[in-house]
>>> print(open('model12.cif').read())   # mmCIF, C-alpha atoms
data_input
#
loop_
_atom_site.label_atom_id
_atom_site.label_comp_id
_atom_site.auth_asym_id
_atom_site.auth_seq_id
_atom_site.Cartn_x
_atom_site.Cartn_y
_atom_site.Cartn_z
CA MET A 28 -15.48 -103.11 49.56
CA ARG A 29 -15.68 -106.83 48.79
CA SER A 30 -12.71 -108.75 50.14
CA TYR A 31 -10.74 -110.94 47.76
CA ASN A 32 -9.01 -114.09 49.01
CA PRO A 33 -7.08 -115.64 46.16
CA ASP A 34 -6.15 -119.33 46.25
CA LEU A 35 -2.39 -119.21 46.84
CA THR A 36 -1.96 -123.02 46.68
CA PRO A 37 0.61 -123.87 43.99
CA PRO A 38 -1.02 -125.47 40.92
CA TRP A 39 0.90 -128.70 41.39
CA LYS A 40 -0.59 -129.14 44.89
CA ARG A 41 -4.19 -128.48 43.93
CA SER A 42 -6.51 -131.50 43.68
CA ALA A 43 -7.61 -132.15 40.14
CA PRO A 44 -11.39 -132.21 39.72
CA VAL A 45 -12.93 -135.66 39.43
CA PRO A 46 -16.12 -136.64 37.62
CA GLU A 47 -19.42 -136.85 39.46
CA VAL A 48 -21.20 -140.14 38.74
CA PRO A 49 -24.82 -140.94 39.66
CA ALA A 50 -24.98 -143.91 42.04
CA ASP A 51 -27.40 -145.86 39.83
CA ARG A 52 -28.49 -149.32 40.92
CA ASP A 53 -26.08 -152.11 39.86
CA LEU A 54 -23.17 -149.68 39.27
CA VAL A 55 -20.03 -151.49 40.49
CA VAL A 56 -17.55 -149.33 42.41
CA GLU A 57 -14.78 -149.67 45.01
CA GLU A 58 -14.68 -147.60 48.20
CA VAL A 59 -11.23 -145.97 48.35
CA THR A 60 -10.42 -146.33 52.05
CA THR A 61 -11.56 -149.91 52.68
CA GLY A 62 -11.22 -151.46 49.22
CA PHE A 63 -14.77 -152.86 49.52
CA CYS A 64 -16.04 -153.54 46.01
CA GLY A 65 -19.69 -154.03 45.20
CA ALA A 66 -22.76 -153.08 43.23
CA VAL A 67 -25.00 -150.21 44.27
CA ILE A 68 -28.27 -151.53 45.65
CA ARG A 69 -29.53 -148.39 47.37
CA CYS A 70 -28.72 -144.67 47.45
CA GLU A 71 -30.29 -142.44 50.06
CA ALA A 72 -29.58 -138.92 51.26
CA GLY A 73 -25.87 -138.87 52.01
CA THR A 74 -25.19 -142.63 51.84
CA VAL A 75 -24.86 -145.45 49.36
CA THR A 76 -25.25 -149.19 50.06
CA LEU A 77 -23.02 -151.66 48.18
CA GLU A 78 -23.40 -155.43 47.86
CA ASP A 79 -20.33 -157.53 47.12
CA ARG A 80 -20.30 -160.81 45.17
CA PHE A 81 -20.84 -162.78 48.39
CA GLY A 82 -24.04 -160.87 49.21
CA LYS A 83 -22.46 -158.78 51.99
CA HIS A 84 -23.83 -155.24 52.38
CA ARG A 85 -21.87 -152.13 53.45
CA VAL A 86 -23.09 -148.54 53.80
CA PHE A 87 -20.73 -145.66 52.92
CA PRO A 88 -21.08 -141.88 52.96
CA LEU A 89 -21.19 -140.08 49.63
CA ASP A 90 -17.89 -138.33 50.28
CA PRO A 91 -16.12 -136.41 47.52
CA ARG A 92 -13.49 -138.53 45.73
CA GLY A 93 -14.71 -141.49 47.78
CA PHE A 94 -14.90 -144.26 45.17
CA LEU A 95 -13.10 -145.89 42.28
CA LEU A 96 -14.95 -146.61 39.06
CA GLU A 97 -12.99 -148.82 36.67
CA GLY A 98 -9.82 -147.71 38.47
CA ARG A 99 -10.57 -143.95 38.33
CA VAL A 100 -11.42 -141.80 41.33
CA VAL A 101 -14.97 -140.45 41.18
CA THR A 102 -17.47 -138.69 43.39
CA LEU A 103 -20.73 -140.57 43.67
CA ILE A 104 -23.87 -138.45 43.74
CA ARG A 105 -27.49 -139.32 44.36
CA PRO A 106 -29.22 -140.23 41.06
CA SER A 107 -31.87 -137.90 39.72
CA ALA A 108 -35.47 -138.89 40.24
CA ALA A 109 -36.03 -139.09 36.50
CA PRO A 110 -36.93 -142.67 35.47
CA THR A 111 -34.25 -144.52 33.57
CA ARG A 112 -34.64 -147.46 31.28
CA PRO A 113 -33.29 -150.63 32.92
CA THR A 114 -30.16 -152.02 31.32
CA ARG A 115 -30.56 -155.44 32.91
CA THR A 116 -33.46 -157.80 33.33
CA ALA A 117 -34.33 -159.22 36.74
CA SER A 118 -32.22 -162.27 35.91
CA GLY A 119 -29.15 -160.09 35.26
CA SER A 120 -29.26 -160.48 31.48
CA VAL A 121 -28.77 -157.48 29.21
CA ALA A 122 -32.18 -155.91 28.60
CA VAL A 123 -33.39 -155.64 25.00
CA PRO A 124 -35.71 -152.60 24.88
CA GLY A 125 -38.65 -153.03 22.55
CA ALA A 126 -37.95 -156.69 21.90
CA ARG A 127 -41.02 -158.68 20.91
CA ALA A 128 -41.88 -162.00 22.46
CA ARG A 129 -40.80 -164.89 20.29
CA VAL A 130 -43.34 -167.41 19.05
CA ALA A 131 -43.45 -170.20 21.63
CA ARG A 132 -41.05 -173.07 21.08
CA ALA A 133 -42.19 -176.67 21.06
CA GLY A 134 -39.97 -177.25 24.07
CA ARG A 135 -41.17 -176.49 27.58
CA ILE A 136 -39.99 -176.08 31.15
CA TYR A 137 -42.08 -177.85 33.78
CA VAL A 138 -41.97 -176.88 37.45
CA GLU A 139 -43.71 -178.53 40.38
CA GLY A 140 -46.23 -175.93 41.43
CA ARG A 141 -47.75 -172.51 40.94
CA HIS A 142 -45.35 -170.82 43.36
CA ASP A 143 -42.36 -172.20 41.43
CA ALA A 144 -43.85 -170.91 38.17
CA GLU A 145 -44.53 -167.45 39.61
CA LEU A 146 -41.00 -167.15 40.98
CA VAL A 147 -39.44 -168.21 37.67
CA GLU A 148 -41.67 -165.72 35.83
CA ARG A 149 -40.73 -162.90 38.20
CA VAL A 150 -36.99 -163.29 37.67
CA TRP A 151 -36.65 -164.85 34.21
CA GLY A 152 -39.90 -163.72 32.55
CA ASP A 153 -38.28 -161.23 30.15
CA ASP A 154 -35.67 -163.78 29.07
CA LEU A 155 -38.24 -166.53 28.58
CA ARG A 156 -40.44 -164.36 26.38
CA ILE A 157 -37.51 -163.37 24.17
CA GLU A 158 -36.50 -167.05 23.87
CA GLY A 159 -40.08 -168.25 23.35
CA VAL A 160 -39.99 -170.66 26.30
CA VAL A 161 -43.24 -171.49 28.10
CA VAL A 162 -43.20 -172.54 31.76
CA GLU A 163 -45.95 -174.83 33.04
CA TYR A 164 -46.55 -176.31 36.48
CA LEU A 165 -47.38 -179.90 37.33
CA GLU A 166 -48.91 -179.90 40.83
CA GLY A 167 -46.24 -182.32 41.97
CA VAL A 168 -43.95 -184.84 40.27
CA ASP A 169 -45.51 -188.15 41.30
CA ASP A 170 -46.65 -188.79 37.70
CA LEU A 171 -43.56 -187.32 36.03
CA PRO A 172 -42.61 -190.42 33.93
CA SER A 173 -46.07 -190.61 32.33
CA ILE A 174 -46.17 -186.82 31.85
CA VAL A 175 -42.86 -186.98 30.02
CA ALA A 176 -44.10 -189.87 27.87
CA ASP A 177 -47.22 -187.90 26.93
CA PHE A 178 -45.11 -184.87 26.04
CA ALA A 179 -43.04 -187.02 23.63
CA PRO A 180 -39.80 -185.00 23.82
CA ALA A 181 -37.60 -184.80 20.73
CA GLN A 182 -34.46 -182.98 19.65
CA ASP A 183 -36.54 -180.02 18.43
CA ALA A 184 -38.94 -180.21 21.40
CA ARG A 185 -36.83 -180.58 24.50
CA LEU A 186 -38.27 -180.71 27.97
CA GLY A 187 -36.70 -179.28 31.11
CA VAL A 188 -38.05 -180.14 34.56
CA LEU A 189 -37.32 -178.33 37.84
CA VAL A 190 -37.91 -180.49 40.93
CA ASP A 191 -38.10 -179.42 44.58
CA HIS A 192 -36.04 -181.31 47.20
CA LEU A 193 -33.99 -183.23 44.65
CA VAL A 194 -31.49 -184.78 47.06
CA PRO A 195 -30.09 -188.33 47.28
CA GLY A 196 -32.57 -190.79 48.75
CA SER A 197 -35.62 -188.55 48.44
CA LYS A 198 -38.86 -189.62 46.77
CA GLU A 199 -38.26 -186.94 44.17
CA SER A 200 -34.84 -188.34 43.26
CA ARG A 201 -36.28 -191.84 42.75
CA ILE A 202 -38.98 -190.48 40.44
CA ALA A 203 -36.51 -188.34 38.49
CA ALA A 204 -34.25 -191.37 37.95
CA GLN A 205 -37.04 -193.01 35.93
CA VAL A 206 -36.77 -190.31 33.24
CA THR A 207 -33.96 -191.30 30.88
CA SER A 208 -34.71 -189.57 27.56
CA PRO A 209 -31.72 -187.60 26.17
CA ASP A 210 -34.16 -184.83 25.23
CA VAL A 211 -35.26 -184.33 28.85
CA LEU A 212 -33.23 -182.64 31.56
CA VAL A 213 -34.41 -183.05 35.14
CA VAL A 214 -32.64 -180.84 37.68
CA GLY A 215 -33.57 -179.68 41.13
CA HIS A 216 -32.70 -177.66 44.19
CA PRO A 217 -32.22 -179.05 47.71
CA TYR A 218 -35.00 -177.08 49.39
CA ILE A 219 -38.20 -178.65 50.70
CA ASP A 220 -40.15 -175.92 48.97
CA VAL A 221 -39.24 -173.14 46.58
CA TRP A 222 -39.98 -170.62 49.35
CA GLU A 223 -36.59 -171.53 50.83
CA ALA A 224 -34.84 -170.52 47.61
CA VAL A 225 -35.54 -166.88 48.51
CA LYS A 226 -32.71 -165.48 50.62
CA PRO A 227 -33.74 -164.85 54.24
CA SER A 228 -32.01 -161.46 54.11
CA SER A 229 -34.39 -160.35 51.37
CA LEU A 230 -37.28 -161.02 53.75
CA GLY A 231 -35.70 -159.45 56.79
CA ILE A 232 -35.39 -162.76 58.66
CA ARG A 233 -32.25 -164.43 59.99
CA ALA A 234 -32.98 -167.88 58.54
CA TRP A 235 -35.78 -170.13 57.39
CA PRO A 236 -37.14 -171.99 60.43
CA GLN A 237 -36.81 -175.72 60.93
CA VAL A 238 -40.25 -177.36 60.76
CA PRO A 239 -40.73 -180.71 62.56
CA ARG A 240 -41.42 -183.76 60.40
CA GLY A 241 -45.08 -184.58 59.96
CA GLN A 242 -46.11 -180.93 60.08
CA ASP A 243 -47.19 -179.03 56.96
CA TRP A 244 -44.01 -177.15 56.08
CA LYS A 245 -45.56 -173.90 54.86
CA THR A 246 -47.96 -173.67 57.78
CA GLY A 247 -45.10 -174.44 60.15
CA VAL A 248 -43.01 -171.65 58.62
CA CYS A 249 -45.83 -169.14 59.07
CA ARG A 250 -46.29 -170.24 62.67
CA ALA A 251 -42.58 -170.06 63.49
CA LEU A 252 -42.18 -166.60 61.96
CA GLY A 253 -45.30 -165.24 63.61
CA TRP A 254 -47.08 -164.72 60.30
CA PRO A 255 -50.82 -165.35 59.90
CA GLU A 256 -51.34 -169.00 58.97
CA ASN A 257 -52.47 -168.09 55.47
CA THR A 258 -49.94 -169.66 53.11
CA GLY A 259 -51.35 -167.86 50.06
CA ALA A 260 -50.90 -164.45 51.66
CA ALA A 261 -47.47 -165.50 52.98
CA TRP A 262 -46.34 -166.44 49.50
CA GLN A 263 -47.49 -163.11 48.05
CA HIS A 264 -45.44 -161.35 50.73
CA ILE A 265 -42.39 -163.48 49.89
CA LEU A 266 -42.78 -162.96 46.15
CA SER A 267 -43.15 -159.19 46.57
CA ARG A 268 -39.66 -159.05 48.13
CA VAL A 269 -38.04 -160.66 45.10
CA THR A 270 -36.91 -158.00 42.65
CA SER A 271 -33.99 -159.71 40.92
CA TYR A 272 -31.75 -162.77 40.87
CA LYS A 273 -29.85 -161.29 43.84
CA ASP A 274 -32.78 -162.22 46.09
CA LEU A 275 -32.47 -165.94 45.24
CA GLU A 276 -30.09 -168.66 46.38
CA PRO A 277 -27.44 -169.88 43.89
CA GLU A 278 -28.79 -173.45 44.11
CA LEU A 279 -31.94 -172.29 42.31
CA LEU A 280 -30.33 -169.74 39.99
CA GLY A 281 -27.97 -172.22 38.43
CA ARG A 282 -30.63 -174.84 37.84
CA VAL A 283 -33.05 -172.50 36.08
CA GLU A 284 -30.30 -171.11 33.85
CA GLU A 285 -29.30 -174.70 33.04
CA LEU A 286 -32.87 -175.54 31.99
CA ILE A 287 -33.21 -172.46 29.79
CA ASP A 288 -29.93 -173.27 28.05
CA PHE A 289 -30.99 -176.89 27.53
CA VAL A 290 -34.41 -176.08 26.07
CA THR A 291 -33.09 -173.33 23.76
CA SER A 292 -29.95 -175.12 22.60
CA PRO A 293 -29.92 -175.64 18.80
#
>>> encode(input="model12.cif", output="structure tokens")
Amino acid sequence: MRSYNPDLTPPWKRSAPVPEVPADRDLVVEEVTTGFCGAVIRCEAGTVTLEDRFGKHRVFPLDPRGFLLEGRVVTLIRPSAAPTRPTRTASGSVAVPGARARVARAGRIYVEGRHDAELVERVWGDDLRIEGVVVEYLEGVDDLPSIVADFAPAQDARLGVLVDHLVPGSKESRIAAQVTSPDVLVVGHPYIDVWEAVKPSSLGIRAWPQVPRGQDWKTGVCRALGWPENTGAAWQHILSRVTSYKDLEPELLGRVEELIDFVTSP
């Protein structure tokens, strides 16, 4: 005879069921015991990794009733393997499924080199196509004043320029100061090269190495990190580790967003 063991716990002491929520990437939750709040960046068998707004990572078990979602207790579960349509672009903007690229604006964004252009495309490409903004690279900024003059910026054809190593006293800052048109915005990040705008943690390194003056910076980086001294291959490795804005430093993120706003402003 089958034994029967009824649940004799009084109804008012029984735990109410809570919803099961897939731990999809970018879902923001709070772990109940520690109060750690962050976005899901990875979910593996039995664990979930959260990243808080400061970029700190914590790994937690997928325990029942282990998280708060918008103030409600939930049980996180591993997402199904079925592909889902992204709700955000790589830049963090709301994705617009099926949106067609806009006809290119007269305005442009200029960056210093091919690596800068490829990085901007990787993170902001979807946004730029929707806005109709074309990004071109200059191979350096030594001739920036004459390039701007040839472009002939106007209110309906604004020009944004992103400059590497734009810090007080640098050659780049002296060149940028020569551009005074109200229809041109020149901004920059403090890094010697755009490589440094990628967070070291995204590459699995502790920090970008210091390269002695007089030495080619990219070659010196490869040498210090023990990479083959092939800067083209090194860049492809770096670029492959960038999947969203979270892999970039704020000093670059803010400047690119500023340029996009400037060029697309009515």
>>> atom_distance(input="model12.cif", atom1="CA of Gly73 in chain A", atom2="CA of Pro88 in chain A")
5.7 Å
>>> atom_distance(input="model12.cif", atom1="CA of Leu171 in chain A", atom2="CA of Ile136 in chain A")
12.8 Å
>>> closest_residue(input="model12.cif", among="A:Val214, A:Leu186, A:Val225, A:Val56", to="Glu199 in chain A", atoms="all atoms listed in the file")
A:Val214
>>> resolve_selection(input="model12.cif", expression="the PyMOL selection byres ((chain A and resi 71) around 12)", output="compact mmCIF listing (two decimals) with C-alpha atoms, keeping the file's coordinate frame")
# COMPACT_ATOMS: atom_id res chain seq x y z
CA PRO A 49 -24.82 -140.94 39.66
CA ALA A 50 -24.98 -143.91 42.04
CA ASP A 51 -27.40 -145.86 39.83
CA ARG A 52 -28.49 -149.32 40.92
CA VAL A 67 -25.00 -150.21 44.27
CA ILE A 68 -28.27 -151.53 45.65
CA ARG A 69 -29.53 -148.39 47.37
CA CYS A 70 -28.72 -144.67 47.45
CA ALA A 72 -29.58 -138.92 51.26
CA GLY A 73 -25.87 -138.87 52.01
CA THR A 74 -25.19 -142.63 51.84
CA VAL A 75 -24.86 -145.45 49.36
CA THR A 76 -25.25 -149.19 50.06
CA LEU A 77 -23.02 -151.66 48.18
CA VAL A 86 -23.09 -148.54 53.80
CA PHE A 87 -20.73 -145.66 52.92
CA PRO A 88 -21.08 -141.88 52.96
CA LEU A 89 -21.19 -140.08 49.63
CA LEU A 103 -20.73 -140.57 43.67
CA ILE A 104 -23.87 -138.45 43.74
CA ARG A 105 -27.49 -139.32 44.36
CA PRO A 106 -29.22 -140.23 41.06
CA SER A 107 -31.87 -137.90 39.72
CA ALA A 108 -35.47 -138.89 40.24
>>> closest_residue(input="model12.cif", among="A:Asp143, A:Asp210, A:Glu47, A:Glu278", to="Arg99 in chain A", atoms="only C-alpha atoms")
A:Glu47
>>> residues_around(input="model12.cif", residues="Asp153 in chain A", least_positions_apart="3", cutoff="7 Å", atoms="all atoms listed in the file", output="PyMOL selection string")
chain A and resi 116+156-157
>>> write_last_selection(input="model12.cif", atoms="C-alpha atoms", output="compact mmCIF listing (two decimals), keeping the file's coordinate frame")
# COMPACT_ATOMS: atom_id res chain seq x y z
CA THR A 116 -33.46 -157.80 33.33
CA ARG A 156 -40.44 -164.36 26.38
CA ILE A 157 -37.51 -163.37 24.17
>>> closest_residue(input="model12.cif", among="A:Ala203, A:Ala224, A:Val100, A:Val238", to="Val147 in chain A", atoms="only C-alpha atoms")
A:Ala224
>>> atom_distance(input="model12.cif", atom1="CA of Gly215 in chain A", atom2="CA of Asp191 in chain A")
5.7 Å
>>> closest_residue(input="model12.cif", among="A:Glu78, A:Glu145, A:Asp169, A:Glu58", to="Thr102 in chain A", atoms="all atoms listed in the file")
A:Glu58
>>> resolve_selection(input="model12.cif", expression="the PyMOL selection byres ((chain A and resi 80) around 9)", output="VMD selection string")
chain A and resid 64 to 66 78 to 79 81 to 83
>>> closest_residue(input="model12.cif", among="A:Gly231, A:Ser267, A:Pro195, A:Leu275", to="Trp151 in chain A", atoms="only C-alpha atoms")
A:Leu275
>>> closest_residue(input="model12.cif", among="A:Gln237, A:Val283, A:Gly93, A:Gln205", to="Ser173 in chain A", atoms="all atoms listed in the file")
A:Gln205
>>> resolve_selection(input="model12.cif", expression="the PyMOL selection byres ((chain A and resi 204) around 12)", output="PDB file with C-alpha atoms, in the coordinates of the input")
ATOM      1  CA  VAL A 168     -43.950-184.840  40.270  1.00  0.00           C
ATOM      2  CA  LEU A 171     -43.560-187.320  36.030  1.00  0.00           C
ATOM      3  CA  PRO A 172     -42.610-190.420  33.930  1.00  0.00           C
ATOM      4  CA  VAL A 190     -37.910-180.490  40.930  1.00  0.00           C
ATOM      5  CA  LEU A 193     -33.990-183.230  44.650  1.00  0.00           C
ATOM      6  CA  VAL A 194     -31.490-184.780  47.060  1.00  0.00           C
ATOM      7  CA  PRO A 195     -30.090-188.330  47.280  1.00  0.00           C
ATOM      8  CA  GLY A 196     -32.570-190.790  48.750  1.00  0.00           C
ATOM      9  CA  SER A 197     -35.620-188.550  48.440  1.00  0.00           C
ATOM     10  CA  LYS A 198     -38.860-189.620  46.770  1.00  0.00           C
ATOM     11  CA  GLU A 199     -38.260-186.940  44.170  1.00  0.00           C
ATOM     12  CA  SER A 200     -34.840-188.340  43.260  1.00  0.00           C
ATOM     13  CA  ARG A 201     -36.280-191.840  42.750  1.00  0.00           C
ATOM     14  CA  ILE A 202     -38.980-190.480  40.440  1.00  0.00           C
ATOM     15  CA  ALA A 203     -36.510-188.340  38.490  1.00  0.00           C
ATOM     16  CA  GLN A 205     -37.040-193.010  35.930  1.00  0.00           C
ATOM     17  CA  VAL A 206     -36.770-190.310  33.240  1.00  0.00           C
ATOM     18  CA  THR A 207     -33.960-191.300  30.880  1.00  0.00           C
ATOM     19  CA  SER A 208     -34.710-189.570  27.560  1.00  0.00           C
ATOM     20  CA  VAL A 211     -35.260-184.330  28.850  1.00  0.00           C
ATOM     21  CA  LEU A 212     -33.230-182.640  31.560  1.00  0.00           C
ATOM     22  CA  VAL A 213     -34.410-183.050  35.140  1.00  0.00           C
ATOM     23  CA  VAL A 214     -32.640-180.840  37.680  1.00  0.00           C
TER      24      VAL A 214
END
>>> residues_around(input="model12.cif", residues="Glu148 in chain A", least_positions_apart="4", cutoff="12 Å", atoms="all atoms listed in the file", output="VMD selection string")
chain A and resid 116 to 118 136 138 141 to 144 152 to 156 160 to 164 266 269 to 272 283
